[in-house]
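Structure file my_file_18.txt (compact mmCIF, C-alpha atoms) is printed below.
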# COMPACT_ATOMS: atom_id res chain seq x y z
CA MET A 15 154.14 66.33 101.84
CA ILE A 16 151.39 67.79 99.65
CA ALA A 17 153.13 68.66 96.40
CA LEU A 18 153.05 72.28 95.37
CA VAL A 19 151.06 71.26 92.32
CA ASP A 20 148.26 69.83 94.43
CA LEU A 21 148.24 72.98 96.52
CA PHE A 22 147.91 75.08 93.39
CA SER A 23 145.06 73.02 91.98
CA LEU A 24 143.27 73.04 95.33
CA ALA A 25 143.56 76.80 95.54
CA ALA A 26 142.36 77.32 91.97
CA ILE A 27 139.42 74.94 92.37
CA GLY A 28 138.52 76.58 95.67
CA ALA A 29 138.50 79.98 93.98
CA GLY A 30 136.38 78.50 91.19
CA VAL A 31 133.83 77.20 93.67
CA PHE A 32 133.82 80.59 95.37
CA PHE A 33 133.02 82.35 92.10
CA PHE A 34 130.24 79.90 91.39
CA PHE A 35 128.81 80.69 94.80
CA ALA A 36 129.22 84.45 94.26
CA GLY A 37 127.48 84.19 90.89
CA THR A 38 124.61 82.20 92.36
CA VAL A 39 124.15 84.64 95.22
CA GLY A 40 124.21 87.43 92.66
CA LEU A 41 121.62 85.64 90.58
CA LEU A 42 119.32 85.35 93.58
CA ARG A 43 119.87 88.69 95.27
CA PHE A 44 120.22 91.22 92.48
CA PRO A 45 117.10 93.34 91.88
CA ASP A 46 117.11 93.65 88.11
CA SER A 47 117.40 91.18 85.24
CA LEU A 48 120.37 92.93 83.68
CA THR A 49 122.33 92.92 86.94
CA ARG A 50 121.54 89.23 87.33
CA LEU A 51 122.90 88.70 83.85
CA HIS A 52 126.07 90.44 84.96
CA ALA A 53 126.45 88.15 87.96
CA LEU A 54 125.67 85.08 85.90
CA ALA A 55 128.36 85.83 83.34
CA LYS A 56 130.95 86.11 86.12
CA ALA A 57 130.05 82.78 87.64
CA ASP A 58 130.04 81.06 84.28
CA ASN A 59 133.35 82.15 82.86
CA LEU A 60 135.44 82.74 85.94
CA GLY A 61 134.17 79.83 88.02
CA LEU A 62 134.63 77.29 85.28
CA GLY A 63 137.90 78.89 84.16
CA LEU A 64 139.44 78.54 87.60
CA VAL A 65 138.22 74.98 87.96
CA ALA A 66 139.73 74.13 84.57
CA LEU A 67 142.94 75.90 85.56
CA GLY A 68 143.07 73.90 88.77
CA LEU A 69 142.58 70.65 86.88
CA LEU A 70 145.24 71.42 84.27
CA PRO A 71 148.27 70.06 86.20
CA ARG A 72 146.36 66.87 86.87
CA ALA A 73 145.87 66.15 83.18
CA ASP A 74 148.09 63.13 82.34
CA THR A 75 148.51 63.81 78.62
CA ALA A 76 148.88 67.10 76.74
CA LEU A 77 145.76 66.18 74.78
CA ALA A 78 143.67 65.98 77.95
CA ALA A 79 144.96 69.38 79.00
CA LEU A 80 144.10 70.74 75.55
CA LYS A 81 140.59 69.31 75.91
CA LEU A 82 140.18 71.22 79.17
CA ILE A 83 141.20 74.45 77.47
CA VAL A 84 138.85 73.74 74.55
CA ILE A 85 135.91 73.14 76.91
CA TRP A 86 136.61 76.37 78.74
CA ALA A 87 137.02 78.35 75.47
CA LEU A 88 133.75 76.89 74.19
CA VAL A 89 131.91 77.91 77.34
CA LEU A 90 133.51 81.36 77.15
CA LEU A 91 132.30 81.85 73.58
CA SER A 92 128.83 80.44 74.14
CA GLY A 93 128.42 82.30 77.43
CA ALA A 94 129.43 85.58 75.85
CA SER A 95 127.12 85.20 72.87
CA THR A 96 124.25 84.00 75.04
CA ALA A 97 124.67 86.95 77.39
CA GLN A 98 124.61 89.28 74.38
CA LEU A 99 121.41 87.64 73.10
CA ILE A 100 119.72 87.87 76.49
CA GLY A 101 120.88 91.48 76.89
CA ARG A 102 119.48 92.39 73.48
CA ALA A 103 116.18 90.70 74.29
CA LEU A 104 116.02 92.66 77.56
CA ARG A 105 116.87 95.89 75.78
CA ARG A 106 113.95 95.27 73.43
CA GLY A 107 111.66 95.00 76.42
CA ARG A 108 111.13 91.28 76.01
CA LYS A 109 111.02 89.91 79.55
CA MET B 24 143.95 64.01 96.44
CA ASN B 25 140.69 62.88 94.81
CA GLU B 26 138.39 63.55 97.74
CA PRO B 27 138.69 67.37 97.58
CA LEU B 28 137.83 67.23 93.88
CA LEU B 29 134.66 65.31 94.59
CA ALA B 30 133.88 67.65 97.47
CA ALA B 31 134.31 70.64 95.15
CA ALA B 32 132.04 69.01 92.58
CA GLY B 33 129.40 68.44 95.23
CA LEU B 34 129.74 72.03 96.41
CA ILE B 35 129.27 73.34 92.89
CA ILE B 36 126.19 71.19 92.37
CA LEU B 37 124.79 72.39 95.71
CA THR B 38 125.45 76.00 94.75
CA VAL B 39 123.75 75.59 91.39
CA ALA B 40 120.81 73.84 93.03
CA ILE B 41 120.40 76.88 95.27
CA GLY B 42 120.59 79.03 92.14
CA LEU B 43 117.65 77.11 90.67
CA ILE B 44 115.38 78.78 93.22
CA ARG B 45 115.46 81.68 90.81
CA ILE B 46 113.34 79.51 88.49
CA LEU B 47 110.56 79.29 91.09
CA ARG B 48 110.80 82.87 92.21
CA GLY B 49 111.90 84.43 88.95
CA PRO B 50 109.46 87.19 87.93
CA ASP B 51 110.28 86.81 84.24
CA ASP B 52 111.16 83.99 81.88
CA VAL B 53 114.53 85.57 81.23
CA ASP B 54 115.56 84.91 84.84
CA ARG B 55 114.56 81.29 84.49
CA LEU B 56 116.67 81.14 81.37
CA MET B 57 119.67 82.46 83.26
CA ALA B 58 119.23 79.91 86.02
CA VAL B 59 119.20 77.12 83.42
CA GLN B 60 122.38 78.46 81.88
CA LEU B 61 124.05 78.54 85.30
CA LEU B 62 122.93 74.93 85.77
CA GLY B 63 124.62 74.04 82.48
CA THR B 64 127.91 75.61 83.42
CA GLY B 65 127.80 74.20 86.94
CA GLY B 66 127.12 70.79 85.47
CA ILE B 67 130.13 71.12 83.21
CA ALA B 68 132.38 72.07 86.11
CA ALA B 69 131.10 69.20 88.26
CA LEU B 70 131.53 66.75 85.37
CA LEU B 71 135.11 67.85 84.83
CA LEU B 72 135.90 67.52 88.51
CA THR B 73 134.43 64.03 88.76
CA ALA B 74 136.19 63.05 85.53
CA TYR B 75 139.56 63.90 87.07
CA ALA B 76 138.66 62.59 90.51
CA THR B 77 137.37 59.16 89.53
CA GLY B 78 139.42 58.72 86.38
CA VAL B 79 136.49 57.18 84.53
CA PRO B 80 137.28 57.53 80.80
CA GLY B 81 134.91 59.62 78.66
CA VAL B 82 133.37 61.79 81.38
CA ASP B 83 135.21 64.88 80.16
CA ASP B 84 133.73 64.19 76.72
CA VAL B 85 130.31 64.32 78.38
CA ALA B 86 131.30 67.74 79.75
CA LEU B 87 132.26 68.85 76.25
CA GLY B 88 128.89 67.68 74.95
CA LEU B 89 127.03 69.44 77.73
CA ALA B 90 128.96 72.64 76.95
CA LEU B 91 127.59 72.50 73.41
CA LEU B 92 124.05 71.58 74.34
CA ALA B 93 123.73 74.19 77.09
CA ALA B 94 124.73 76.91 74.65
CA PHE B 95 122.25 75.85 71.99
CA ALA B 96 119.42 75.34 74.46
CA THR B 97 119.79 78.84 75.87
CA MET B 98 120.04 80.40 72.44
CA ALA B 99 116.94 78.52 71.31
CA PHE B 100 114.88 79.72 74.25
CA VAL B 101 115.97 83.35 74.04
CA ASN B 102 113.79 83.80 70.96
CA LEU B 103 110.75 82.48 72.76
CA LEU B 104 110.76 85.30 75.34
CA GLU B 105 107.41 86.98 74.82
CA THR B 106 107.28 90.75 74.42
CA ASP B 107 105.52 93.02 76.91
CA ASP B 108 101.92 93.85 76.13
CA ASP B 109 102.26 97.60 76.02
CA GLU B 110 105.24 97.92 73.70
CA THR B 111 105.07 96.97 70.06
CA GLU B 112 107.89 94.86 68.73
CA LEU B 113 109.20 97.62 66.46
CA GLY B 114 108.20 100.53 68.72
CA GLU B 115 110.46 102.38 71.08
CA THR B 116 111.21 100.29 74.16
CA GLU B 117 111.33 101.77 77.62
CA PRO B 118 114.57 103.73 78.29
Taking this structure as input, can you express it in the form of structure tokens?
Amino acid sequence: MIALVDLFSLAAIGAGVFFFFAGTVGLLRFPDSLTRLHALAKADNLGLGLVALGLLPRADTALAALKLIVIWALVLLSGASTAQLIGRALRRGRK
Amino acid sequence: MNEPLLAAAGLIILTVAIGLIRILRGPDDVDRLMAVQLLGTGGIAALLLTAYATGVPGVDDVALGLALLAAFATMAFVNLLETDDDETELGETEP
């Protein structure tokens, strides 16, 4: 019997993969650089966040779970600041 | 329970590889920069998934390192985006 925990992590990781795919399709299909930036930020934060969420119950020690959260928080912070930098560069007409 | 994790990691890598087409087709350097950032995040997600699937020690530390490096690489390259020819750096950019 697949434990409920495995079901949860499978669902979360599946959603994470879906958001990665949605972000990639957005990156390829969107017409303008700023809209691509929008799609990219979604894939980054949400895709990785859901994958990390799905992996949380599988972490054997609390420290490993904390490391997962730290990795996700780091990517959130760096992704946000990078998106701001790219957006500012685009606003200044630097392609 | 480990096979779906590896399958998800493979899917994410495949998705990011498709996203790299933006580097070939990208009209501007900023789009190439975004594709590289998506590669970084996808790599982190795949590393985390394989870390928990195979149980090899230290792979999630590699993901943590990649999270740092991807952020710094993108920030370093944002400053190298060249300006358009017609606008001056300090002048009014297009609306």
Practice task
List every protein, DNA or RNA residue that has an atom no more than 12 Å from (127.6, 65.7, 75.9) in the file's coordinate frame, counting all atoms listed in the file, and report them as a ChimeraX atom specification.
Solution key: /A:85 /B:63,66-67,70-71,81-94
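Comparing the minimum interatomic distances between Arg108 of chain A and each of B:Leu34, B:Ile46, B:Asp52, B:Thr64, counting only C-alpha atoms, we find that B:Asp52 sits nearest.
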Practice task
With a distance cut-off of 10 Å and all atoms listed in the file, select the neighbouring residues of Gly101 of chain A, excluding the residue or stretch itself and same-chain residues fewer than 4 positions from it, and output the selection as a count of residues only.
Solution key: 13
Practice task
Check every residue of chain B for an atom within 9 Å of chain A, counting all atoms listed in the file, and provide those that qualify as a ChimeraX atom specification.
Solution key: /B:24,27-28,31-32,34-35,38-39,41-45,48-54,56-58,60-61,64-65,67-68,71-72,75,83-84,86-87,90-91,93-95,97-98,101-102,104-107,110,112-113,115-118
Handout entry: Separation of atom CA of Val59 of chain B from atom CA of Ala99 of chain B, in Å and rounded to one decimal
Key =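 Those two atoms sit 12.4 Å apart.
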Exercise for the section: Between atom CA of Leu103 of chain B and atom CA of Ala69 of chain B, measure the distance and give it in Å to one decimal. Expected result: 28.8 Å
